[in-house]
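Just data34.csv here, CSV, C-alpha atoms:
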```csv
chain,number,residue,atom,x,y,z
A,1,MET,CA,86.3,44.4,-137.0
A,2,SER,CA,86.9,48.1,-136.8
A,3,ALA,CA,85.8,51.1,-138.7
A,4,SER,CA,86.9,54.7,-139.3
A,5,PHE,CA,85.0,57.5,-137.8
A,6,ARG,CA,85.6,61.2,-138.7
A,7,TYR,CA,85.2,64.0,-136.2
A,8,ALA,CA,85.9,67.7,-135.8
A,9,VAL,CA,86.8,69.1,-132.4
A,10,ASN,CA,85.9,72.8,-132.2
A,11,VAL,CA,87.8,74.7,-129.5
A,12,ALA,CA,86.9,78.2,-128.3
A,13,PRO,CA,88.0,80.5,-125.5
A,14,LYS,CA,85.8,80.1,-122.4
A,15,ALA,CA,83.2,82.7,-121.8
A,16,GLY,CA,84.8,85.5,-119.8
A,17,ILE,CA,88.3,84.9,-121.0
A,18,LEU,CA,89.7,87.9,-122.8
A,19,ASP,CA,90.2,87.0,-126.5
A,20,PRO,CA,92.5,89.6,-128.1
A,21,GLN,CA,92.2,87.9,-131.5
A,22,GLY,CA,88.5,88.2,-131.4
A,23,ARG,CA,88.8,91.8,-130.4
A,24,ALA,CA,91.3,92.5,-133.2
A,25,VAL,CA,88.9,91.0,-135.7
A,26,GLU,CA,86.1,93.1,-134.3
A,27,HIS,CA,88.1,96.2,-134.6
A,28,SER,CA,88.6,95.6,-138.3
A,29,LEU,CA,84.9,95.6,-139.0
A,30,PRO,CA,84.5,99.4,-139.5
A,31,HIS,CA,87.0,99.2,-142.3
A,32,LEU,CA,84.7,96.9,-144.1
A,33,GLY,CA,81.8,99.2,-143.5
A,34,VAL,CA,80.1,96.5,-141.3
A,35,SER,CA,78.3,97.4,-138.1
A,36,GLY,CA,76.1,95.5,-135.7
A,37,VAL,CA,78.5,92.6,-135.3
A,38,SER,CA,79.9,91.9,-131.9
A,39,ALA,CA,81.1,89.2,-129.4
A,40,ILE,CA,83.6,87.7,-131.9
A,41,ARG,CA,85.6,84.8,-130.5
A,42,VAL,CA,88.4,83.1,-132.3
A,43,GLY,CA,89.0,79.4,-131.7
A,44,ARG,CA,90.4,76.5,-133.6
A,45,ARG,CA,89.0,73.4,-135.3
A,46,ILE,CA,90.8,70.1,-135.4
A,47,GLU,CA,89.5,67.3,-137.7
A,48,LEU,CA,90.5,63.7,-137.2
A,49,THR,CA,89.8,60.1,-138.1
A,50,VAL,CA,89.5,57.5,-135.4
A,51,GLU,CA,89.8,53.7,-136.0
A,52,ALA,CA,87.7,52.0,-133.4
A,53,ALA,CA,85.4,49.0,-132.9
A,54,ASP,CA,82.3,51.1,-132.8
A,55,VAL,CA,80.9,54.6,-132.5
A,56,ALA,CA,81.0,54.6,-128.7
A,57,ALA,CA,84.7,53.6,-128.6
A,58,ALA,CA,85.6,56.2,-131.3
A,59,ARG,CA,83.7,58.9,-129.4
A,60,ALA,CA,85.5,58.0,-126.2
A,61,VAL,CA,88.9,58.5,-127.8
A,62,VAL,CA,87.9,61.8,-129.3
A,63,GLU,CA,86.5,63.1,-126.0
A,64,ARG,CA,89.7,62.1,-124.2
A,65,LEU,CA,91.9,63.9,-126.8
A,66,ALA,CA,89.7,66.9,-126.8
A,67,GLY,CA,89.9,67.3,-123.0
A,68,GLU,CA,93.5,66.4,-122.5
A,69,LEU,CA,95.4,67.6,-125.6
A,70,LEU,CA,93.3,69.6,-128.0
A,71,SER,CA,91.9,72.1,-125.4
A,72,ASN,CA,93.1,73.4,-122.1
A,73,PRO,CA,90.1,73.2,-119.8
A,74,LEU,CA,91.3,76.2,-117.7
A,75,ILE,CA,90.8,78.6,-120.6
A,76,GLU,CA,88.9,76.8,-123.4
A,77,VAL,CA,85.8,74.8,-124.1
A,78,TYR,CA,85.3,72.2,-126.8
A,79,HIS,CA,82.5,70.7,-128.8
A,80,VAL,CA,82.9,67.4,-130.6
A,81,GLU,CA,81.2,67.3,-134.0
A,82,PRO,CA,80.7,64.0,-135.9
A,83,LEU,CA,81.4,64.7,-139.6
A,84,GLY,CA,79.8,63.3,-142.7
A,85,ALA,CA,82.0,60.6,-144.1
A,86,ALA,CA,84.6,61.2,-146.7
A,87,SER,CA,84.0,58.6,-149.4
A,88,SER,CA,85.9,55.7,-147.8
A,89,LEU,CA,85.1,56.6,-144.2
A,90,VAL,CA,82.2,55.7,-142.0
A,91,ALA,CA,81.0,58.7,-140.0
A,92,GLU,CA,79.1,58.7,-136.8
A,93,ALA,CA,75.6,59.9,-137.6
A,94,PRO,CA,75.4,63.7,-136.9
A,95,ARG,CA,73.6,64.3,-133.6
B,1,MET,CA,130.1,69.9,-108.4
B,2,THR,CA,126.3,70.3,-108.5
B,3,ARG,CA,124.8,69.3,-111.8
B,4,ILE,CA,121.9,71.3,-113.1
B,5,GLY,CA,119.9,70.0,-116.2
B,6,VAL,CA,118.5,72.0,-119.0
B,7,VAL,CA,115.9,70.2,-121.1
B,8,ILE,CA,116.2,70.7,-124.9
B,9,PHE,CA,113.0,70.4,-126.9
B,10,PRO,CA,112.9,70.7,-130.6
B,11,GLY,CA,112.4,74.4,-130.9
B,12,SER,CA,114.0,75.4,-127.7
B,13,ASN,CA,116.2,78.5,-128.2
B,14,GLY,CA,117.1,79.5,-124.6
B,15,ASP,CA,118.9,76.3,-123.8
B,16,ALA,CA,122.4,77.5,-124.6
B,17,ASP,CA,121.9,80.6,-122.6
B,18,ALA,CA,120.6,78.6,-119.7
B,19,LEU,CA,123.5,76.2,-119.8
B,20,HIS,CA,125.9,79.1,-119.9
B,21,ALA,CA,124.2,80.8,-117.0
B,22,ILE,CA,124.4,77.7,-114.9
B,23,GLU,CA,128.1,77.6,-115.5
B,24,LEU,CA,128.4,81.3,-114.5
B,25,ALA,CA,126.5,80.4,-111.3
B,26,GLY,CA,129.1,77.9,-110.4
B,27,ALA,CA,127.4,74.6,-111.3
B,28,GLU,CA,127.9,72.0,-114.0
B,29,PRO,CA,125.4,72.4,-116.8
B,30,VAL,CA,123.8,69.1,-118.2
B,31,PRO,CA,121.8,69.1,-121.4
B,32,LEU,CA,118.8,66.8,-121.3
B,33,TRP,CA,117.3,65.7,-124.6
B,34,HIS,CA,113.5,65.7,-124.8
B,35,GLU,CA,113.4,62.0,-125.7
B,36,SER,CA,115.3,61.1,-122.6
B,37,ALA,CA,113.2,59.2,-120.0
B,38,THR,CA,115.7,60.0,-117.2
B,39,LEU,CA,117.2,63.2,-115.8
B,40,ASP,CA,120.8,61.8,-115.6
B,41,GLY,CA,120.9,62.3,-111.8
B,42,VAL,CA,120.8,66.1,-111.9
B,43,ALA,CA,120.1,68.1,-108.8
B,44,ALA,CA,117.7,70.6,-110.4
B,45,VAL,CA,116.1,71.2,-113.8
B,46,ILE,CA,115.5,74.2,-116.0
B,47,LEU,CA,112.9,74.2,-118.8
B,48,PRO,CA,114.3,76.9,-121.1
B,49,GLY,CA,112.6,79.4,-123.4
B,50,GLY,CA,111.9,78.9,-127.1
B,51,PHE,CA,109.1,77.5,-129.1
B,52,ALA,CA,109.0,73.8,-128.2
B,53,TYR,CA,107.5,71.7,-131.0
B,54,GLY,CA,106.8,75.0,-132.8
B,55,ASP,CA,104.2,76.0,-130.2
B,56,TYR,CA,101.7,74.1,-132.4
B,57,LEU,CA,98.2,73.7,-131.0
B,58,ARG,CA,99.0,75.7,-127.8
B,59,ALA,CA,102.4,76.9,-126.5
B,60,GLY,CA,103.8,74.1,-124.4
B,61,VAL,CA,101.1,71.5,-124.8
B,62,ILE,CA,103.0,69.0,-127.1
B,63,ALA,CA,106.2,69.3,-125.1
B,64,ARG,CA,104.1,68.4,-122.0
B,65,PHE,CA,103.7,64.8,-123.4
B,66,SER,CA,107.4,64.2,-124.3
B,67,PRO,CA,109.2,61.4,-122.4
B,68,VAL,CA,111.5,63.8,-120.5
B,69,MET,CA,108.4,65.6,-119.0
B,70,ARG,CA,107.3,62.3,-117.4
B,71,ALA,CA,110.7,62.3,-115.7
B,72,VAL,CA,110.4,66.0,-114.8
B,73,ALA,CA,107.0,65.4,-113.2
B,74,ALA,CA,108.3,62.5,-111.2
B,75,PHE,CA,111.3,64.6,-110.1
B,76,ALA,CA,109.0,67.5,-109.1
B,77,ALA,CA,106.7,65.1,-107.2
B,78,GLY,CA,109.7,64.0,-105.2
B,79,GLY,CA,110.5,67.5,-104.2
B,80,GLY,CA,113.1,68.3,-106.9
B,81,PHE,CA,113.6,71.9,-108.0
B,82,VAL,CA,112.3,72.8,-111.4
B,83,LEU,CA,112.4,76.3,-113.0
B,84,GLY,CA,110.4,76.9,-116.2
B,85,ILE,CA,111.4,80.0,-118.1
B,86,CYS,CA,109.1,81.6,-120.7
B,87,ASN,CA,108.2,78.7,-122.9
B,88,GLY,CA,109.3,76.4,-120.0
B,89,PHE,CA,106.7,78.2,-117.9
B,90,GLN,CA,104.1,77.5,-120.6
B,91,VAL,CA,105.1,73.8,-120.6
B,92,LEU,CA,104.8,73.6,-116.8
B,93,ALA,CA,101.4,75.3,-116.9
B,94,GLU,CA,100.1,72.9,-119.6
B,95,ALA,CA,101.4,70.0,-117.6
B,96,GLY,CA,99.6,71.2,-114.5
B,97,LEU,CA,102.9,71.5,-112.5
B,98,VAL,CA,102.2,75.1,-111.8
B,99,PRO,CA,98.8,76.8,-111.6
B,100,GLY,CA,97.2,78.9,-114.3
B,101,ALA,CA,97.7,79.4,-118.1
B,102,LEU,CA,99.5,81.8,-120.4
B,103,LEU,CA,97.3,83.6,-122.9
B,104,ARG,CA,98.2,85.6,-125.9
B,105,ASN,CA,99.6,89.0,-125.0
B,106,ARG,CA,96.8,91.5,-124.6
B,107,ALA,CA,98.2,93.7,-127.4
B,108,LEU,CA,98.5,90.6,-129.6
B,109,ARG,CA,102.1,91.5,-130.4
B,110,PHE,CA,105.3,89.5,-129.7
B,111,LEU,CA,107.2,91.5,-127.0
B,112,GLY,CA,110.9,91.5,-126.8
B,113,ARG,CA,112.3,94.1,-124.3
B,114,ASP,CA,113.3,94.7,-120.7
B,115,VAL,CA,110.7,94.8,-117.9
B,116,LEU,CA,111.1,95.3,-114.2
B,117,ILE,CA,110.0,92.5,-111.8
B,118,VAL,CA,110.0,92.4,-108.0
B,119,PRO,CA,110.2,89.2,-105.9
B,120,GLU,CA,107.3,88.6,-103.6
B,121,ARG,CA,109.3,86.0,-101.6
B,122,LEU,CA,113.0,85.8,-100.8
B,123,ASP,CA,112.8,82.4,-99.1
B,124,THR,CA,112.3,80.1,-102.2
B,125,PRO,CA,114.8,78.0,-104.1
B,126,PHE,CA,114.5,80.5,-106.9
B,127,THR,CA,114.9,83.8,-105.0
B,128,ARG,CA,117.0,82.9,-101.9
B,129,ALA,CA,120.2,84.6,-103.2
B,130,ILE,CA,118.3,87.9,-103.9
B,131,THR,CA,119.3,90.5,-101.3
B,132,GLY,CA,116.6,93.1,-101.5
B,133,ARG,CA,113.1,93.7,-102.7
B,134,GLY,CA,114.2,96.2,-105.3
B,135,PRO,CA,113.1,95.7,-108.9
B,136,LEU,CA,115.2,93.5,-111.2
B,137,ARG,CA,115.5,94.5,-114.9
B,138,ILE,CA,115.1,91.4,-116.9
B,139,PRO,CA,114.2,90.9,-120.6
B,140,ILE,CA,111.0,89.3,-121.8
B,141,ALA,CA,110.5,87.7,-125.3
B,142,HIS,CA,107.1,86.1,-125.8
B,143,GLY,CA,103.9,86.3,-127.7
B,144,GLU,CA,101.8,84.4,-125.1
B,145,GLY,CA,102.7,85.7,-121.6
B,146,CYS,CA,99.5,87.0,-120.2
B,147,TYR,CA,99.1,85.1,-117.0
B,148,PHE,CA,95.6,83.9,-116.4
B,149,ALA,CA,93.8,82.0,-113.6
B,150,ASP,CA,90.3,82.3,-112.3
B,151,GLU,CA,89.6,84.7,-109.5
B,152,ALA,CA,89.4,82.0,-106.8
B,153,THR,CA,92.8,80.6,-107.9
B,154,LEU,CA,94.4,84.0,-107.9
B,155,ASP,CA,93.1,84.7,-104.4
B,156,GLY,CA,94.5,81.3,-103.4
B,157,LEU,CA,97.9,82.0,-104.9
B,158,GLU,CA,98.2,85.3,-103.0
B,159,ARG,CA,96.9,83.8,-99.8
B,160,ASP,CA,99.3,80.8,-100.0
B,161,GLY,CA,102.4,82.8,-101.1
B,162,GLN,CA,102.6,81.3,-104.5
B,163,VAL,CA,103.2,84.5,-106.3
B,164,LEU,CA,106.9,84.5,-107.0
B,165,PHE,CA,107.4,87.7,-109.0
B,166,ARG,CA,105.3,90.6,-110.2
B,167,TYR,CA,105.8,93.1,-112.9
B,168,ALA,CA,106.8,96.5,-111.4
B,169,ASP,CA,106.7,100.1,-112.4
B,170,GLN,CA,109.7,102.5,-112.4
B,171,ASP,CA,109.3,103.0,-108.7
B,172,GLY,CA,109.4,99.3,-107.9
B,173,GLY,CA,105.8,99.1,-107.0
B,174,ARG,CA,103.5,96.5,-108.4
B,175,ALA,CA,102.3,97.4,-111.9
B,176,ALA,CA,98.9,98.9,-111.7
B,177,ALA,CA,96.0,97.4,-113.7
B,178,GLY,CA,96.1,98.7,-117.2
B,179,ASP,CA,99.8,99.9,-116.9
B,180,GLU,CA,100.8,98.4,-120.3
B,181,ARG,CA,104.3,99.8,-120.1
B,182,SER,CA,105.1,97.9,-116.9
B,183,ASN,CA,102.9,94.9,-117.5
B,184,PRO,CA,103.0,94.7,-121.3
B,185,ASN,CA,101.3,91.3,-121.7
B,186,GLY,CA,98.4,92.1,-119.4
B,187,SER,CA,99.0,89.4,-116.8
B,188,LEU,CA,96.3,89.3,-114.2
B,189,ARG,CA,97.4,90.9,-110.9
B,190,ALA,CA,100.7,91.7,-112.6
B,191,ILE,CA,102.0,88.1,-112.0
B,192,ALA,CA,105.3,87.4,-113.8
B,193,GLY,CA,106.1,84.1,-111.9
B,194,VAL,CA,104.3,81.6,-109.8
B,195,LEU,CA,105.1,78.6,-107.5
B,196,ASN,CA,103.4,75.3,-107.2
B,197,PRO,CA,101.8,74.6,-103.8
B,198,ALA,CA,104.9,72.8,-102.5
B,199,GLY,CA,107.1,75.7,-103.6
B,200,ASN,CA,109.7,73.5,-105.5
B,201,VAL,CA,108.4,74.2,-109.0
B,202,ALA,CA,108.4,77.7,-110.5
B,203,GLY,CA,107.3,79.3,-113.7
B,204,LEU,CA,108.8,82.6,-114.8
B,205,MET,CA,107.9,84.6,-117.9
B,206,PRO,CA,111.0,86.9,-118.1
B,207,HIS,CA,114.4,85.5,-119.0
B,208,PRO,CA,117.0,85.7,-116.1
B,209,GLU,CA,119.5,83.6,-118.1
B,210,ARG,CA,119.6,86.3,-120.8
B,211,ALA,CA,120.6,88.9,-118.2
B,212,ALA,CA,123.4,86.9,-116.4
B,213,GLU,CA,126.6,88.5,-117.5
B,214,SER,CA,127.7,92.1,-116.9
B,215,VAL,CA,130.0,92.1,-120.0
B,216,LEU,CA,126.8,91.7,-122.0
B,217,GLY,CA,125.2,94.7,-120.3
B,218,ASN,CA,123.1,93.2,-117.5
B,219,ASP,CA,123.6,90.5,-114.9
B,220,ALA,CA,120.4,91.2,-112.9
B,221,GLY,CA,119.1,87.7,-113.6
B,222,LEU,CA,122.1,85.7,-112.5
B,223,VAL,CA,120.9,85.9,-108.9
B,224,ILE,CA,117.9,83.8,-109.8
B,225,ILE,CA,120.1,81.1,-111.4
B,226,CYS,CA,122.4,81.3,-108.4
B,227,SER,CA,119.5,80.8,-106.1
B,228,LEU,CA,118.6,77.6,-107.9
B,229,VAL,CA,122.2,76.3,-107.8
B,230,GLU,CA,122.5,77.1,-104.1
B,231,ALA,CA,119.2,75.4,-103.2
B,232,ALA,CA,120.0,72.3,-105.4
B,233,ALA,CA,123.5,71.9,-103.8
B,234,GLU,CA,122.0,72.2,-100.3
B,235,ARG,CA,119.3,69.6,-101.1
B,236,GLU,CA,121.9,67.3,-102.6
B,237,MET,CA,124.0,67.5,-99.5
B,238,ALA,CA,121.0,66.9,-97.3
B,239,ALA,CA,120.2,63.8,-99.3
B,240,GLY,CA,123.4,62.2,-98.1
B,241,PRO,CA,126.5,60.6,-99.5
B,242,ALA,CA,124.7,58.1,-101.7
B,243,LEU,CA,123.2,60.7,-103.9
B,244,VAL,CA,126.2,62.9,-103.8
B,245,GLY,CA,128.3,59.9,-104.8
B,246,THR,CA,126.2,59.2,-107.9
B,247,THR,CA,126.4,62.7,-109.1
B,248,GLY,CA,130.2,63.2,-108.7
```
As structure tokens, the full file:
Amino acid sequence: MSASFRYAVNVAPKAGILDPQGRAVEHSLPHLGVSGVSAIRVGRRIELTVEAADVAAARAVVERLAGELLSNPLIEVYHVEPLGAASSLVAEAPR
Amino acid sequence: MTRIGVVIFPGSNGDADALHAIELAGAEPVPLWHESATLDGVAAVILPGGFAYGDYLRAGVIARFSPVMRAVAAFAAGGGFVLGICNGFQVLAEAGLVPGALLRNRALRFLGRDVLIVPERLDTPFTRAITGRGPLRIPIAHGEGCYFADEATLDGLERDGQVLFRYADQDGGRAAAGDERSNPNGSLRAIAGVLNPAGNVAGLMPHPERAAESVLGNDAGLVIICSLVEAAAEREMAAGPALVGTTG
């Protein structure tokens, strides 16, 4: 018996790592007439569905992928986010 | 004749130049497809430039998990010589076969032009044929070439002689911090190439294989390919007749 669990993995540059994309976004703000916004960091978000026996097994798979493939621990940090289920999917309850 | 392999990933674009440069350096070039689980008995391997697997997710990361990379990792662990150029450097870094990571260029732009680099060591399989410490003019072509490692790792690289090349200014001195003309991607400590701790695996951001033939205007990079060929031939001889016999 297995079920589907839906997650997002949010990856961002580590604190202290220069993020030229974030800086470029920041430099565009004056053109919008926006001030008072700073420390912009640009990352990426990966959403995925895991087939597993239970929540713990699904979570373990996601954590492994996040650490080994979806992020580079030298330069990035990640946060695993359980997602509300799409109609046919069972989601891990948001923590 | 010494056989040198060049891995071809989907999206590689420096493979033909690398194969040609190996021939110019007097060895037999051997193309190695990314799905191959063996290295066909080659004496050294080049991971060429390009955009392996479209550089999706992060440059080099998907290539890292291809079958041929398992063979490359095993070859490297056994002391085999591996040179990763540009995207090949990114693949080696993602695979943990050389230290550090390559970040997006500081100016965010893709950079395609000549730079000057100086060797830090002349006693490696990748630099042994270089005769002096003067700068070499070699092209770069990358969007993510900003070498990064944390301060402790950088100190360790310098202490242990793992810095292979640095970006240099017009006088041949190490590019100063903030010198965007000489170190256009913003690499920390102007590092253009690094070695693994054992010294048999190297990552290099500039493209020596694209500067390997004087008729095309510049052959300053050929000496790096020649170094690899020399070192590989020597290692093959040292391994004895069994190995030489199998590689014909």
Distance filter 12 Å, only C-alpha atoms, chain A against chain B, as a compact mmCIF listing (two decimals) with C-alpha atoms, in the coordinates of the input:
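So the final result, stored in part.txt, reads:
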```
# COMPACT_ATOMS: atom_id res chain seq x y z
CA VAL A 11 87.80 74.70 -129.50
CA PRO A 13 88.00 80.50 -125.50
CA LYS A 14 85.80 80.10 -122.40
CA ALA A 15 83.20 82.70 -121.80
CA GLY A 16 84.80 85.50 -119.80
CA ILE A 17 88.30 84.90 -121.00
CA LEU A 18 89.70 87.90 -122.80
CA ASP A 19 90.20 87.00 -126.50
CA PRO A 20 92.50 89.60 -128.10
CA GLN A 21 92.20 87.90 -131.50
CA GLY A 22 88.50 88.20 -131.40
CA ARG A 23 88.80 91.80 -130.40
CA ALA A 24 91.30 92.50 -133.20
CA VAL A 25 88.90 91.00 -135.70
CA VAL A 42 88.40 83.10 -132.30
CA GLY A 43 89.00 79.40 -131.70
CA ARG A 44 90.40 76.50 -133.60
CA ARG A 45 89.00 73.40 -135.30
CA ILE A 46 90.80 70.10 -135.40
CA ALA A 66 89.70 66.90 -126.80
CA GLU A 68 93.50 66.40 -122.50
CA LEU A 69 95.40 67.60 -125.60
CA LEU A 70 93.30 69.60 -128.00
CA SER A 71 91.90 72.10 -125.40
CA ASN A 72 93.10 73.40 -122.10
CA PRO A 73 90.10 73.20 -119.80
CA LEU A 74 91.30 76.20 -117.70
CA ILE A 75 90.80 78.60 -120.60
CA GLU A 76 88.90 76.80 -123.40
```
Leaving out Ile191 in chain B and any residue of its chain fewer than 4 positions from it, which residues lie within 8 Å of it when counting only C-alpha atoms, given as a ChimeraX atom specification?
/B:147,163-167,187
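CA of Gly78 in chain B is positioned 24.3 Å from CA of Glu158 in chain B.
Checking A:Leu32, A:Val37, A:Ala3, A:Ala12 one by one against Val55 in chain A, counting all atoms listed in the file, you find the shortest gap at A:Ala3.
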Using only C-alpha atoms: which of A:Arg41, A:Met1, A:Val77, A:Tyr7 has the shortest distance to Val61 in chain A:
A:Tyr7
What does the distance between CA of Thr153 in chain B and CA of Val194 in chain B come to in Å, to one decimal place?
11.7 Å
Have range 225-243 of chain B completed to N, CA, C and O atoms, please, and pass it along as a PDB file, keeping the file's coordinate frame.
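selection_6.pdb, written as the output of this step:
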```
ATOM      1  N   ILE B 225     119.392  82.342-111.049  1.00  0.00           N
ATOM      2  CA  ILE B 225     120.100  81.100-111.400  1.00  0.00           C
ATOM      3  C   ILE B 225     120.937  80.643-110.179  1.00  0.00           C
ATOM      4  O   ILE B 225     120.975  79.452-109.825  1.00  0.00           O
ATOM      5  N   CYS B 226     121.608  81.623-109.542  1.00  0.00           N
ATOM      6  CA  CYS B 226     122.400  81.300-108.400  1.00  0.00           C
ATOM      7  C   CYS B 226     121.578  80.745-107.243  1.00  0.00           C
ATOM      8  O   CYS B 226     121.998  79.836-106.519  1.00  0.00           O
ATOM      9  N   SER B 227     120.373  81.286-107.081  1.00  0.00           N
ATOM     10  CA  SER B 227     119.500  80.800-106.100  1.00  0.00           C
ATOM     11  C   SER B 227     119.197  79.303-106.284  1.00  0.00           C
ATOM     12  O   SER B 227     119.257  78.490-105.347  1.00  0.00           O
ATOM     13  N   LEU B 228     118.907  78.955-107.543  1.00  0.00           N
ATOM     14  CA  LEU B 228     118.600  77.600-107.900  1.00  0.00           C
ATOM     15  C   LEU B 228     119.779  76.652-107.614  1.00  0.00           C
ATOM     16  O   LEU B 228     119.635  75.560-107.057  1.00  0.00           O
ATOM     17  N   VAL B 229     120.966  77.128-107.997  1.00  0.00           N
ATOM     18  CA  VAL B 229     122.200  76.300-107.800  1.00  0.00           C
ATOM     19  C   VAL B 229     122.429  76.101-106.304  1.00  0.00           C
ATOM     20  O   VAL B 229     122.695  74.974-105.870  1.00  0.00           O
ATOM     21  N   GLU B 230     122.317  77.163-105.523  1.00  0.00           N
ATOM     22  CA  GLU B 230     122.500  77.100-104.100  1.00  0.00           C
ATOM     23  C   GLU B 230     121.530  76.063-103.447  1.00  0.00           C
ATOM     24  O   GLU B 230     121.914  75.189-102.664  1.00  0.00           O
ATOM     25  N   ALA B 231     120.255  76.230-103.798  1.00  0.00           N
ATOM     26  CA  ALA B 231     119.200  75.400-103.200  1.00  0.00           C
ATOM     27  C   ALA B 231     119.423  73.921-103.624  1.00  0.00           C
ATOM     28  O   ALA B 231     119.263  73.008-102.803  1.00  0.00           O
ATOM     29  N   ALA B 232     119.811  73.713-104.885  1.00  0.00           N
ATOM     30  CA  ALA B 232     120.000  72.300-105.400  1.00  0.00           C
ATOM     31  C   ALA B 232     121.201  71.699-104.669  1.00  0.00           C
ATOM     32  O   ALA B 232     121.155  70.523-104.291  1.00  0.00           O
ATOM     33  N   ALA B 233     122.273  72.469-104.478  1.00  0.00           N
ATOM     34  CA  ALA B 233     123.500  71.900-103.800  1.00  0.00           C
ATOM     35  C   ALA B 233     123.123  71.564-102.358  1.00  0.00           C
ATOM     36  O   ALA B 233     123.538  70.510-101.864  1.00  0.00           O
ATOM     37  N   GLU B 234     122.351  72.415-101.713  1.00  0.00           N
ATOM     38  CA  GLU B 234     122.000  72.200-100.300  1.00  0.00           C
ATOM     39  C   GLU B 234     121.112  70.900-100.222  1.00  0.00           C
ATOM     40  O   GLU B 234     121.304  70.067 -99.330  1.00  0.00           O
ATOM     41  N   ARG B 235     120.172  70.764-101.168  1.00  0.00           N
ATOM     42  CA  ARG B 235     119.300  69.600-101.100  1.00  0.00           C
ATOM     43  C   ARG B 235     120.080  68.318-101.400  1.00  0.00           C
ATOM     44  O   ARG B 235     119.838  67.275-100.793  1.00  0.00           O
ATOM     45  N   GLU B 236     121.060  68.421-102.282  1.00  0.00           N
ATOM     46  CA  GLU B 236     121.900  67.300-102.600  1.00  0.00           C
ATOM     47  C   GLU B 236     122.704  66.837-101.390  1.00  0.00           C
ATOM     48  O   GLU B 236     122.799  65.643-101.090  1.00  0.00           O
ATOM     49  N   MET B 237     123.262  67.797-100.658  1.00  0.00           N
ATOM     50  CA  MET B 237     124.000  67.500 -99.500  1.00  0.00           C
ATOM     51  C   MET B 237     123.115  66.832 -98.413  1.00  0.00           C
ATOM     52  O   MET B 237     123.494  65.858 -97.773  1.00  0.00           O
ATOM     53  N   ALA B 238     121.910  67.386 -98.269  1.00  0.00           N
ATOM     54  CA  ALA B 238     121.000  66.900 -97.300  1.00  0.00           C
ATOM     55  C   ALA B 238     120.552  65.453 -97.582  1.00  0.00           C
ATOM     56  O   ALA B 238     120.225  64.676 -96.688  1.00  0.00           O
ATOM     57  N   ALA B 239     120.585  65.101 -98.888  1.00  0.00           N
ATOM     58  CA  ALA B 239     120.200  63.800 -99.300  1.00  0.00           C
ATOM     59  C   ALA B 239     121.181  62.712 -98.916  1.00  0.00           C
ATOM     60  O   ALA B 239     120.909  61.522 -98.964  1.00  0.00           O
ATOM     61  N   GLY B 240     122.375  63.140 -98.554  1.00  0.00           N
ATOM     62  CA  GLY B 240     123.400  62.200 -98.100  1.00  0.00           C
ATOM     63  C   GLY B 240     124.345  61.741 -99.104  1.00  0.00           C
ATOM     64  O   GLY B 240     124.220  62.070-100.276  1.00  0.00           O
ATOM     65  N   PRO B 241     125.346  60.974 -98.659  1.00  0.00           N
ATOM     66  CA  PRO B 241     126.500  60.600 -99.500  1.00  0.00           C
ATOM     67  C   PRO B 241     126.081  59.752-100.706  1.00  0.00           C
ATOM     68  O   PRO B 241     126.731  59.846-101.749  1.00  0.00           O
ATOM     69  N   ALA B 242     125.034  58.951-100.586  1.00  0.00           N
ATOM     70  CA  ALA B 242     124.700  58.100-101.700  1.00  0.00           C
ATOM     71  C   ALA B 242     124.377  58.898-102.949  1.00  0.00           C
ATOM     72  O   ALA B 242     124.914  58.659-104.024  1.00  0.00           O
ATOM     73  N   LEU B 243     123.548  59.907-102.766  1.00  0.00           N
ATOM     74  CA  LEU B 243     123.200  60.700-103.900  1.00  0.00           C
ATOM     75  C   LEU B 243     124.350  61.565-104.392  1.00  0.00           C
ATOM     76  O   LEU B 243     124.597  61.660-105.589  1.00  0.00           O
TER      77      LEU B 243
END
```
